[in-house]
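Structure record follows, encoded as structure tokens.
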Amino acid sequence: MKLTLNGAEVDVEAHPMKRLLDVLREELQLTGTKEACGEGECGACTVLVDGAPVCSCLIPFAQVEDARITTIEGLGEDHPLQHAFMDEVGAQCGICTPGMILSAIVLGDKPSLAQIKEGLAGNLCRCTGYEAIYRAIQKATYGRPPATRRRSLGVRRAGDK
Amino acid sequence: MTAVGTNVKRKDGIGKATGRTKYADDIVFPGMIYGRTIRTTIPCGRITSVRMDFDPAGFTVCDHRDIPAGGKNTVALLVDDQPCLVQADVRHVAEPVVLLAHADREKLLAANVVIDYARLTPVFDPMSSTQMLKEFTIEKGNLKRGFDGAEVIVEGTYRTGHQEHVYIETNGVIAVPEKGGIAVYGSIQCPFYVEKALKVLLGPGRYVRVVQTETGGGFGGKEEYPSMLACHATLLALKANRPVKIIYDRVEDMLATTKRHPSIVRHRTGLKKDGRITAMEIEVVIDGGAYVTLSPVVLSRGGIHAAGPYRCNNTRIHARAMFTNTPPNGAFRGFGAPQTQFAMEVHMERIAEVLGVDPVKLRERNALRPGDTTATGQVLKDDCSALQVLKEAVKRSTYRRKVAKYKGTNRGIGVALFYHGSGFTGSGELKLGSKAAVELTQRGVRLLVSSTEIGQGTRTMHAQIVADAMGISYEDVEVAPIDTSIVPDSGPTVASRTCMVVGKILQRACEELKAKLGGVSPGEYFAKNGPLRVEKQHVPPEWITWDEDLYRGDAYATYAWGCNVAEVEYDSDTFEVRPIRITAVCDIGKAIHPAMATGQIEGGTGQGVGFALIEQVVMKNGAMANSQLTNYTIPTTLDTPEMDIVIMENPFPEGPFGAKGLGELPIDGPAPALVNAIRSLGLDVREVPATPELILAAAGSRQAAERHSDEMTYGAPLAVAASL
């Protein structure tokens, strides 16, 4: 079956009812796409199909014939979002990070905080409480978190006035 | 330039953001096959027969008879009561009975094993269980005298439910036959726990090596259970003589692995009318589940923290863990303290309501200060910051202005003050005798610990401590892979001890290594003299005393202190409570990496929001009925409130650069702060998760306040409270 994977045209042989997630991970060794719930609830397996983020655990392989698929590997290793996620500690354990980045990348330039929250509502993270993820995305798209955003990394000595 | 106190780049590199980092399920060994666990489906009884109802071609099958002679059918931890594979007696649903392995996962999943049982009557309610797992009593002063001196007595019972960890990466390991024994790779918090369990399973003299793969979250959920999983994969791999991978899917992970212990805590408190506490009597009961696992130590921490960060001269805390026929409950961030401090803090709110005292003033009046003693008789030193975090949180959140502003609206606000002991309880750290090492490299120094990176930033934080202790650049510090054949046993990665305890051992090792270099740089010394390694063992502060039997003395070397102010919005049509904002002020001694420390507080607070409002484990016939993420929900971006985090640094002189424990502290506060915010709306909630159903019940009974008024008695002291 022919499709475009991370910008390259490929011909992949796999059972048409196999989950896209398994085809990516096992036939194509693209293990950056993670499985965490297997029922479309957590977003760890998010990939872009024709530019839209989808849970690859819910998609039978037959459905992506002739489609354009982007996995985390398709972003290379130098995307501003990737650096921002690491620098702002938007990734802790990192298992949700590939899916988060792919959901964030379609938010476009300079999304509002409300748009970010809505855009990532299908991606679960158990480590960060999401705050550092918002900071990472804002840093990547604004150059820094916007000044209006309430945040506090201030360290104070106990007893300071 | 110093590394400590700055936001250096994480040692993880870019791999987590590019998908290159390999987790257990991403790793493939040549000839590897897949394993599956056949489990019990009844909560209590005996197995009468097991039948394999499938074509055995290509299958490896193990049961209890495959445990080698000289080995033991147990998952060794504190008490060897939990079998690796059930022989006959069934104590809970989802106990492992038979293991299967096959190269083809579809055939593996299709294989049918039939188990017949003789059923016995299970016990699910810890309050009606007659099987005691552990109990202890903490006594201070004279309880009777305390109640005699009271003008008001307030009583109440508070409950918390199970909580599932929901690390996004489920449990998984790969066992690989090696050198006549086994090497286990996996998602593991405590590699030496796994090594010990495998050595007991296989018997003396067998080669065992454990390697931690990059781990997608733990939160305590990968403290003890990976030992079970490693034992299973090992039996299959040795029998098949091939690498065997077992990765749980989410349903199996939720059904079979540990959860936070449910709790029932009863308080009876004597007070002066101005709010001063004269007596505290506390009964703590936790549900241990079917085996001992870590329940005794969870109970210890829970019981010790049960009186909250308050001073009281006359205290009795009686704590017990009960066996029930549910899967064993286990380690979960906070380790008993979130449960008992939930009870204490909601009880404090009720005391304020009864006395008509300002809840902040009530806490200020009773908060522990340096020189005060805790319930175990520990004299607090200058690193006690209860008042400071309380005052800062009240100021920062503009609590008082908002109390007035929200009055009569659908918004509520609540406060919770809490603390968390750093490191193992009592003499635990002394017994552990943890080790850590540093050695020279061509460029700088390599650090060797068994403390695992599970997202919290262990590698980075340890490298920062080593860089500054050696006086070298952070970039010149390497971190050894977590492989039990390479690193010394630094103790488990639990109990908020990785920075304070293991970090301190590293700092001491560096001081010795640096002295040995005699002013020469590590690289120069290495080039001239070759390798040099220093290993040190943890030495607890010499002033620590602890009586294990009486629960008296210095329960922890130090405590981290926290205060949360939570704001909520209540929908009176749907009975939903939406968290709007949480202000969290935490004294952690020293933020080695402020951005990661903030991330720990934000993450723990988010997890606490789930514990407080939405995470409900529904148990039916002793099994989790909602064991999937569709109906056990954790907070999404839209459920998580805005957070305002303030880190305070009141140093612990014996911690590395003043650091105290951090990881667990943030989850102690959100549940009581949110419930107290709900209470400020006139809804009498004393339980979490505070689901809409629970709030509906509270809203439905308009007479709630009067109904409970018989629990308060003015004037004359009462007889000592009846048992639960």
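Following the order of the structure tokens, chains are lettered A, B, ..., residues in each are numbered from 1, and ligands are numbered from 1.
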(message) Please find the residues of chain A near chain B - the criterion being any atom within 8 Å, counting only C-alpha atoms - and write them as a ChimeraX atom specification.
(response) /A:25,31-33,35-39,41-42,44,72-73,75-77,82-83,85-89,91-98,101,117-118,120-132,150-159
(message) as a list in words, please: every residue in segment 108-152 of chain A that DSSP puts in helix (DSSP H, G or I).
(response)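 Going through segment 108-152 of chain A, the helix (DSSP H, G or I) residues come out as Leu113, Ala114, Gln115, Ile116, Lys117, Glu118, Gly119, Glu131, Ala132, Ile133, Tyr134, Arg135, Ala136, Ile137, Gln138, Lys139, Ala140, Thr141 and Tyr142 of chain A.
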(request) Compare B:Phe124, B:Tyr291, B:Tyr419, B:Phe54 by their minimum atom-to-atom distance to Thr558 of chain B, counting only C-alpha atoms, and give me the closest one. (result) B:Tyr419
(request) Take atom CA of Ile482 of chain B and atom CA of Val211 of chain B and report the distance between them in Å, one decimal. (result)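 Atom CA of Ile482 of chain B sits 5.8 Å away from atom CA of Val211 of chain B.
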(message) Can you measure atom CA of Pro191 of chain B to atom CA of Val4 of chain B for me? One decimal in Å is fine.
(response)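 Computing it gives 27.1 Å between the two atoms.
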(request) Any chance you could list, as a PyMOL selection string, the residues in segment 293-325 of chain B that come up strand (DSSP E or B) when DSSP is run on the backbone? (result) chain B and resi 310+315-323
(message) Excluding Leu674 of chain B and its own-chain neighbours fewer than 3 positions away, which residues fall within 7 Å of it when counting only C-alpha atoms? Please give them as a list in words.
(response)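 Near Leu674 of chain B, the qualifying residues are Gly414, Ala566, Ala612, Pro670, Ala671, Ala677 and Ile678 of chain B.
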(message) Between A:Lys2, A:Arg68, A:Lys139, A:Lys18, which residue has the minimum interatomic distance to Glu106 of chain B, considering only C-alpha atoms?
(response)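 Of all the options, A:Lys18 lies closest to Glu106 of chain B.
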(message) One number please: atom CA of Ala136 of chain A to atom CA of Gly90 of chain A, in Å, one decimal.
(response) 5.8 Å
(request) Give the answer as one residue: which of A:Leu102, A:Leu58, A:Ala52, A:Val47 has the shortest atom-to-atom distance to Arg19 of chain A, using only C-alpha atoms? (result)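 Of A:Leu102, A:Leu58, A:Ala52, A:Val47, the one nearest Arg19 of chain A, counting only C-alpha atoms, is A:Leu58.
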(request) Extract, using only C-alpha atoms, all DNA, RNA and protein residues at most 6 Å from Leu271 of chain B, discarding same-chain residues fewer than 5 positions from it, and format them as a PyMOL selection string. (result) chain B and resi 150-152+276-278
(message) I'd like the contact shell of segment 322-334 of chain B - 6 Å cut-off, only C-alpha atoms, skipping same-chain residues fewer than 3 positions apart - returned as an NGL selection string.
(response) :B and (43 or 91-92 or 122-124 or 126 or 131-133 or 219-220 or 258-261 or 287-291 or 294 or 337-338 or 622 or 664)
For C-alpha atoms, I'd like the residues from the last selection saved as a PDB file, in the first residue's frame.
ATOM      1  CA  PRO B  43     -11.393 -12.723  44.945  1.00  0.00           C
ATOM      2  CA  ARG B  91      -6.620 -14.057  47.817  1.00  0.00           C
ATOM      3  CA  HIS B  92      -7.635 -11.553  45.144  1.00  0.00           C
ATOM      4  CA  PRO B 122     -14.251 -12.548  50.437  1.00  0.00           C
ATOM      5  CA  VAL B 123     -13.805  -9.500  52.679  1.00  0.00           C
ATOM      6  CA  PHE B 124     -13.728  -6.134  50.921  1.00  0.00           C
ATOM      7  CA  PRO B 126     -11.269  -2.924  55.855  1.00  0.00           C
ATOM      8  CA  GLN B 131      -7.179  -9.762  59.612  1.00  0.00           C
ATOM      9  CA  MET B 132      -4.718  -7.197  60.909  1.00  0.00           C
ATOM     10  CA  LEU B 133      -1.720  -6.463  58.721  1.00  0.00           C
ATOM     11  CA  PHE B 219       4.903   7.882  41.085  1.00  0.00           C
ATOM     12  CA  GLY B 220       5.475   4.824  43.310  1.00  0.00           C
ATOM     13  CA  THR B 258      -1.020  -1.483  43.025  1.00  0.00           C
ATOM     14  CA  LYS B 259      -3.063   1.599  43.929  1.00  0.00           C
ATOM     15  CA  ARG B 260      -3.055   4.235  46.658  1.00  0.00           C
ATOM     16  CA  HIS B 261      -4.418   2.794  49.925  1.00  0.00           C
ATOM     17  CA  ASP B 287      -6.953  -0.960  53.321  1.00  0.00           C
ATOM     18  CA  GLY B 288      -3.841  -3.016  52.638  1.00  0.00           C
ATOM     19  CA  GLY B 289      -5.378  -5.420  50.140  1.00  0.00           C
ATOM     20  CA  ALA B 290      -4.476  -9.102  50.018  1.00  0.00           C
ATOM     21  CA  TYR B 291      -0.731  -9.158  50.743  1.00  0.00           C
ATOM     22  CA  LEU B 294       4.657  -2.101  51.449  1.00  0.00           C
ATOM     23  CA  ALA B 337       0.580  11.077  54.171  1.00  0.00           C
ATOM     24  CA  PRO B 338      -1.898  12.498  51.607  1.00  0.00           C
ATOM     25  CA  GLY B 622     -12.811  -7.042  44.507  1.00  0.00           C
ATOM     26  CA  GLU B 664       5.917  13.875  47.396  1.00  0.00           C
TER      27      GLU B 664
END
